[in-house]
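**Q** Pasting work.pdb here (PDB, C-alpha atoms):
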```
ATOM      1  CA  MET A 214     204.408  57.742 137.999  1.00  0.00           C
ATOM      2  CA  ILE A 215     205.708  54.567 136.425  1.00  0.00           C
ATOM      3  CA  PHE A 216     205.829  55.964 132.883  1.00  0.00           C
ATOM      4  CA  GLU A 217     208.417  58.569 133.951  1.00  0.00           C
ATOM      5  CA  THR A 218     211.020  55.885 134.617  1.00  0.00           C
ATOM      6  CA  SER A 219     210.274  53.851 131.504  1.00  0.00           C
ATOM      7  CA  LYS A 220     211.748  54.406 128.062  1.00  0.00           C
ATOM      8  CA  GLU A 221     208.582  52.991 126.448  1.00  0.00           C
ATOM      9  CA  PRO A 222     206.818  55.579 124.291  1.00  0.00           C
ATOM     10  CA  VAL A 223     203.797  57.410 125.629  1.00  0.00           C
ATOM     11  CA  SER A 224     201.443  59.762 123.823  1.00  0.00           C
ATOM     12  CA  VAL A 225     201.493  63.450 124.723  1.00  0.00           C
ATOM     13  CA  ALA A 226     198.198  64.912 123.463  1.00  0.00           C
ATOM     14  CA  GLY A 227     197.918  68.688 123.329  1.00  0.00           C
ATOM     15  CA  LYS A 228     196.411  71.452 121.230  1.00  0.00           C
ATOM     16  CA  ASN A 229     199.090  71.034 118.547  1.00  0.00           C
ATOM     17  CA  GLY A 230     198.386  67.301 118.146  1.00  0.00           C
ATOM     18  CA  ASP A 231     199.747  64.051 119.554  1.00  0.00           C
ATOM     19  CA  ALA A 232     203.397  63.122 119.905  1.00  0.00           C
ATOM     20  CA  LEU A 233     205.017  59.832 120.883  1.00  0.00           C
ATOM     21  CA  VAL A 234     207.900  60.438 123.257  1.00  0.00           C
ATOM     22  CA  PRO A 235     209.867  58.206 125.640  1.00  0.00           C
ATOM     23  CA  GLY A 236     208.275  58.060 129.094  1.00  0.00           C
ATOM     24  CA  THR A 237     211.319  59.701 130.642  1.00  0.00           C
ATOM     25  CA  GLN A 238     210.761  62.824 128.510  1.00  0.00           C
ATOM     26  CA  ALA A 239     206.942  62.879 128.611  1.00  0.00           C
ATOM     27  CA  ARG A 240     206.516  65.187 131.610  1.00  0.00           C
ATOM     28  CA  ASP A 241     208.962  67.781 130.201  1.00  0.00           C
ATOM     29  CA  ALA A 242     207.323  67.673 126.752  1.00  0.00           C
ATOM     30  CA  ALA A 243     203.851  68.018 128.270  1.00  0.00           C
ATOM     31  CA  GLU A 244     204.882  70.960 130.477  1.00  0.00           C
ATOM     32  CA  LYS A 245     206.469  72.729 127.518  1.00  0.00           C
ATOM     33  CA  GLU A 246     203.323  72.199 125.414  1.00  0.00           C
ATOM     34  CA  ALA A 247     201.011  73.343 128.232  1.00  0.00           C
ATOM     35  CA  LYS A 248     203.086  76.471 128.788  1.00  0.00           C
ATOM     36  CA  SER A 249     203.138  77.408 125.086  1.00  0.00           C
ATOM     37  CA  THR A 250     199.414  76.800 124.431  1.00  0.00           C
ATOM     38  CA  GLY A 251     197.985  77.708 127.823  1.00  0.00           C
ATOM     39  CA  LYS A 252     195.833  74.533 127.682  1.00  0.00           C
ATOM     40  CA  PRO A 253     196.039  71.256 129.662  1.00  0.00           C
ATOM     41  CA  VAL A 254     198.014  68.437 128.039  1.00  0.00           C
ATOM     42  CA  THR A 255     197.197  64.750 128.522  1.00  0.00           C
ATOM     43  CA  ILE A 256     199.811  62.001 128.766  1.00  0.00           C
ATOM     44  CA  ARG A 257     198.364  58.652 127.613  1.00  0.00           C
ATOM     45  CA  HIS A 258     199.598  55.079 127.294  1.00  0.00           C
ATOM     46  CA  ALA A 259     200.615  54.545 123.668  1.00  0.00           C
ATOM     47  CA  VAL A 260     198.826  51.183 123.296  1.00  0.00           C
ATOM     48  CA  THR A 261     195.816  51.245 125.634  1.00  0.00           C
ATOM     49  CA  ASP A 262     195.188  54.998 125.408  1.00  0.00           C
ATOM     50  CA  LYS A 263     194.707  55.074 129.190  1.00  0.00           C
ATOM     51  CA  VAL A 264     195.218  58.529 130.739  1.00  0.00           C
ATOM     52  CA  LEU A 265     198.422  58.447 132.758  1.00  0.00           C
ATOM     53  CA  ALA A 266     198.605  62.124 133.744  1.00  0.00           C
ATOM     54  CA  THR A 267     197.311  65.591 132.876  1.00  0.00           C
ATOM     55  CA  VAL A 268     199.657  68.552 132.940  1.00  0.00           C
ATOM     56  CA  LYS A 269     198.025  71.930 133.450  1.00  0.00           C
ATOM     57  CA  PRO A 270     199.585  75.170 132.243  1.00  0.00           C
ATOM     58  CA  PRO A 271     201.314  77.258 134.900  1.00  0.00           C
ATOM     59  CA  LYS A 272     199.211  80.003 136.465  1.00  0.00           C
ATOM     60  CA  PRO A 273     200.354  83.525 135.696  1.00  0.00           C
ATOM     61  CA  THR A 274     202.399  84.922 138.531  1.00  0.00           C
ATOM     62  CA  VAL A 275     201.400  88.208 140.086  1.00  0.00           C
ATOM     63  CA  THR A 276     204.290  90.311 141.292  1.00  0.00           C
ATOM     64  CA  LYS A 277     204.172  92.614 144.313  1.00  0.00           C
ATOM     65  CA  LYS A 278     204.814  95.529 141.981  1.00  0.00           C
ATOM     66  CA  ALA A 279     201.725  94.681 139.893  1.00  0.00           C
ATOM     67  CA  VAL A 280     199.592  94.362 143.031  1.00  0.00           C
ATOM     68  CA  ALA A 281     200.850  97.723 144.351  1.00  0.00           C
ATOM     69  CA  LYS A 282     200.221  99.342 140.968  1.00  0.00           C
ATOM     70  CA  LYS A 283     196.635  98.055 140.982  1.00  0.00           C
ATOM     71  CA  LYS A 284     195.953  99.477 144.424  1.00  0.00           C
ATOM     72  CA  THR A 285     197.333 102.951 143.732  1.00  0.00           C
ATOM     73  CA  LYS A 286     195.557 103.603 140.444  1.00  0.00           C
ATOM     74  CA  PRO A 287     192.066 105.030 140.863  1.00  0.00           C
ATOM     75  CA  ALA A 288     189.356 103.357 138.872  1.00  0.00           C
ATOM     76  CA  LYS A 289     188.495 105.260 135.734  1.00  0.00           C
ATOM     77  CA  LYS A 290     184.873 105.804 134.902  1.00  0.00           C
ATOM     78  CA  LYS A 291     183.983 105.310 131.306  1.00  0.00           C
ATOM     79  CA  ALA A 292     182.302 108.296 129.783  1.00  0.00           C
ATOM     80  CA  THR A 293     179.124 107.322 128.025  1.00  0.00           C
ATOM     81  CA  ALA A 294     178.697 109.420 124.956  1.00  0.00           C
ATOM     82  CA  ALA A 295     175.592 109.569 122.863  1.00  0.00           C
ATOM     83  CA  PRO A 296     175.798 107.285 119.832  1.00  0.00           C
ATOM     84  CA  VAL A 297     177.182 109.073 116.814  1.00  0.00           C
ATOM     85  CA  LYS A 298     175.243 108.559 113.615  1.00  0.00           C
ATOM     86  CA  LYS A 299     177.120 108.366 110.385  1.00  0.00           C
ATOM     87  CA  ALA A 300     176.264 111.560 108.590  1.00  0.00           C
ATOM     88  CA  ALA A 301     176.952 110.226 105.106  1.00  0.00           C
ATOM     89  CA  ALA A 302     174.797 107.108 105.488  1.00  0.00           C
ATOM     90  CA  THR A 303     171.918 109.017 107.063  1.00  0.00           C
ATOM     91  CA  LYS A 304     172.033 111.713 104.405  1.00  0.00           C
ATOM     92  CA  ARG A 305     172.190 109.219 101.554  1.00  0.00           C
ATOM     93  CA  ASP A 306     169.270 107.187 102.887  1.00  0.00           C
ATOM     94  CA  SER A 307     167.043 110.234 103.273  1.00  0.00           C
ATOM     95  CA  ASP A 308     167.905 111.778  99.903  1.00  0.00           C
ATOM     96  CA  LYS A 309     166.809 110.601  96.511  1.00  0.00           C
ATOM     97  CA  PRO A 310     168.346 107.549  94.838  1.00  0.00           C
ATOM     98  CA  SER A 311     171.309 108.058  92.529  1.00  0.00           C
ATOM     99  CA  GLY A 312     173.034 106.252  89.681  1.00  0.00           C
ATOM    100  CA  MET A 313     171.475 103.107  88.260  1.00  0.00           C
ATOM    101  CA  THR A 314     169.048 102.924  91.180  1.00  0.00           C
ATOM    102  CA  ALA A 315     167.642 106.341  90.224  1.00  0.00           C
ATOM    103  CA  GLU A 316     167.115 105.210  86.633  1.00  0.00           C
ATOM    104  CA  LEU A 317     165.293 102.062  87.739  1.00  0.00           C
ATOM    105  CA  VAL A 318     163.122 104.077  90.143  1.00  0.00           C
ATOM    106  CA  LYS A 319     162.149 106.437  87.283  1.00  0.00           C
ATOM    107  CA  LEU A 320     161.064 103.446  85.208  1.00  0.00           C
ATOM    108  CA  ALA A 321     158.968 102.059  88.079  1.00  0.00           C
ATOM    109  CA  LEU A 322     157.385 105.490  88.722  1.00  0.00           C
ATOM    110  CA  ARG A 323     155.893 105.600  85.217  1.00  0.00           C
ATOM    111  CA  ALA A 324     152.132 105.106  84.888  1.00  0.00           C
ATOM    112  CA  SER A 325     152.753 101.873  82.952  1.00  0.00           C
ATOM    113  CA  GLY A 326     155.234 100.581  85.577  1.00  0.00           C
ATOM    114  CA  VAL A 327     158.137  98.361  84.648  1.00  0.00           C
ATOM    115  CA  THR A 328     158.561  94.646  83.954  1.00  0.00           C
ATOM    116  CA  PRO A 329     161.448  92.464  85.158  1.00  0.00           C
ATOM    117  CA  ALA A 330     162.522  91.956  81.525  1.00  0.00           C
ATOM    118  CA  HIS A 331     162.764  95.730  80.996  1.00  0.00           C
ATOM    119  CA  LEU A 332     164.668  96.119  84.293  1.00  0.00           C
ATOM    120  CA  ASN A 333     167.123  93.362  83.268  1.00  0.00           C
ATOM    121  CA  GLU A 334     167.612  94.964  79.858  1.00  0.00           C
ATOM    122  CA  ARG A 335     168.147  98.469  81.247  1.00  0.00           C
ATOM    123  CA  SER A 336     170.413  97.535  84.147  1.00  0.00           C
ATOM    124  CA  LYS A 337     172.288  94.546  82.685  1.00  0.00           C
ATOM    125  CA  TRP A 338     171.651  92.807  86.045  1.00  0.00           C
ATOM    126  CA  LYS A 339     170.637  89.400  84.779  1.00  0.00           C
ATOM    127  CA  GLY A 340     168.137  87.527  86.931  1.00  0.00           C
ATOM    128  CA  ALA A 341     168.085  90.080  89.732  1.00  0.00           C
ATOM    129  CA  PRO A 342     165.457  89.577  92.472  1.00  0.00           C
ATOM    130  CA  TRP A 343     163.486  92.700  91.544  1.00  0.00           C
ATOM    131  CA  LYS A 344     160.794  92.436  94.194  1.00  0.00           C
ATOM    132  CA  TRP A 345     163.512  92.261  96.847  1.00  0.00           C
ATOM    133  CA  PHE A 346     165.262  95.218  95.218  1.00  0.00           C
ATOM    134  CA  PHE A 347     162.126  97.343  95.583  1.00  0.00           C
ATOM    135  CA  SER A 348     160.852  96.105  98.976  1.00  0.00           C
ATOM    136  CA  ASN A 349     161.845  93.360 101.401  1.00  0.00           C
ATOM    137  CA  PRO A 350     161.360  92.326 105.039  1.00  0.00           C
ATOM    138  CA  LYS A 351     164.725  93.840 106.008  1.00  0.00           C
ATOM    139  CA  LYS A 352     163.466  97.260 104.896  1.00  0.00           C
ATOM    140  CA  THR A 353     166.531  97.747 102.680  1.00  0.00           C
ATOM    141  CA  GLY A 354     164.625  97.961  99.405  1.00  0.00           C
ATOM    142  CA  VAL A 355     164.351 101.127  97.319  1.00  0.00           C
ATOM    143  CA  ALA A 356     160.717 101.721  98.300  1.00  0.00           C
ATOM    144  CA  ASP A 357     161.499 101.296 101.992  1.00  0.00           C
ATOM    145  CA  ARG A 358     164.552 103.559 101.986  1.00  0.00           C
ATOM    146  CA  PHE A 359     163.275 106.384  99.797  1.00  0.00           C
ATOM    147  CA  GLY A 360     159.621 106.607 100.874  1.00  0.00           C
ATOM    148  CA  TYR A 361     157.773 104.888  98.054  1.00  0.00           C
ATOM    149  CA  LYS A 362     155.055 102.266  98.127  1.00  0.00           C
ATOM    150  CA  LEU A 363     155.480  99.170  95.947  1.00  0.00           C
ATOM    151  CA  LYS A 364     152.545  97.814  93.992  1.00  0.00           C
ATOM    152  CA  VAL A 365     152.927  94.515  92.125  1.00  0.00           C
ATOM    153  CA  GLU A 366     150.436  93.509  89.426  1.00  0.00           C
ATOM    154  CA  ARG A 367     150.314  90.027  87.972  1.00  0.00           C
ATOM    155  CA  ASP A 368     148.573  89.078  84.751  1.00  0.00           C
ATOM    156  CA  GLY A 369     149.074  85.369  84.345  1.00  0.00           C
ATOM    157  CA  ARG A 370     152.846  84.983  84.345  1.00  0.00           C
ATOM    158  CA  ALA A 371     153.557  88.624  83.539  1.00  0.00           C
ATOM    159  CA  VAL A 372     154.608  90.831  86.451  1.00  0.00           C
ATOM    160  CA  THR A 373     154.690  94.630  86.547  1.00  0.00           C
ATOM    161  CA  TYR A 374     156.169  96.728  89.340  1.00  0.00           C
ATOM    162  CA  PHE A 375     154.853 100.186  90.212  1.00  0.00           C
ATOM    163  CA  LEU A 376     156.373 102.634  92.694  1.00  0.00           C
ATOM    164  CA  ILE A 377     153.960 105.179  94.170  1.00  0.00           C
ATOM    165  CA  ALA A 378     155.161 108.268  96.045  1.00  0.00           C
ATOM    166  CA  LYS A 379     153.778 108.334  99.586  1.00  0.00           C
TER     167      LYS A 379
END
```
Would you mind writing the file out in structure tokens?

**A**
Amino acid sequence: MIFETSKEPVSVAGKNGDALVPGTQARDAAEKEAKSTGKPVTIRHAVTDKVLATVKPPKPTVTKKAVAKKKTKPAKKKATAAPVKKAAATKRDSDKPSGMTAELVKLALRASGVTPAHLNERSKWKGAPWKWFFSNPKKTGVADRFGYKLKVERDGRAVTYFLIAK
């Protein structure tokens, strides 16, 4: 290549960015970059941006010892075990709610239900999405996890949530 005999700068473009190097050093710089990143490096003309060469990373060499080692080792079969369920998560989901969730469920289980304002006041969770908390499409709501049915009553702008045991 002509650029390899010229001292004019060329652009070596690799994964770590572009570098302007003299043409006589471009091939060495590109090979070093390709070897360190494992990606092809392009050598371009500094002014016209024309591709002058592409240097590919060296292929990994396979030694005779590695080939012999591969042949002598028998293939291991992976044992397929039954999926292990997390005992704590399963137990918690099937039990009754605890902590603040239990208190909010008690309020919603009352015959008069509970309003979002009362839930905000009791829990100190300002502006919480209460309908989502009780039941949602992901089935992660309190009603979904603990076996309740959610009933929502609206009277104008007022909303009341009721949980009913199934």

**Q** Neighbourhood query: residues within 10 Å of (154.6, 99.9, 96.2), file coordinates, counting only C-alpha atoms; return as a PyMOL selection string.

**A** chain A and resi 321-322+344+347-348+355-357+360-365+374-379

**Q** Would you compute the distance between CA of Thr274 (chain A) and CA of Glu246 (chain A)? Give it in Å to one decimal.

**A**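 Computing the Euclidean distance for CA of Thr274 (chain A) and CA of Glu246 (chain A) yields 18.3 Å.
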
**Q** Which one of A:Lys337, A:Lys248, A:Arg240, A:His331 sits closest to Leu265 (chain A) if you count only C-alpha atoms?

**A** A:Arg240

**Q** Would you mind telling me which residue in A:Ala239, A:Glu316, A:Lys309, A:Trp345 lies nearest to Arg257 (chain A) when using only C-alpha atoms?

**A**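 The closest residue to Arg257 (chain A) is A:Ala239.
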
**Q** Grab the CA of Gly312 (chain A) to CA of Asn349 (chain A) distance for me, in Å with one decimal place.

**A**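 Between CA of Gly312 (chain A) and CA of Asn349 (chain A) the gap works out to 20.7 Å.
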
**Q** How many Å separate CA of Pro271 (chain A) from CA of Ile256 (chain A)?

**A**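 CA of Ile256 (chain A) lies at a distance of 16.5 Å from CA of Pro271 (chain A).
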
**Q** Have a look at A:Lys252, A:Ala247, A:Asp308, A:Ala259 and name the one nearest to Val223 (chain A); count only C-alpha atoms.

**A**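 Among the listed residues, the smallest separation from Val223 (chain A) belongs to A:Ala259.
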
**Q** Using all atoms listed in the file, which of the listed residues (A:Thr373, A:Thr314, A:Ser336, A:Thr267) sits closest to Gly354 (chain A)?

**A**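 Ranking A:Thr373, A:Thr314, A:Ser336, A:Thr267 by distance to Gly354 (chain A), first place goes to A:Thr314.
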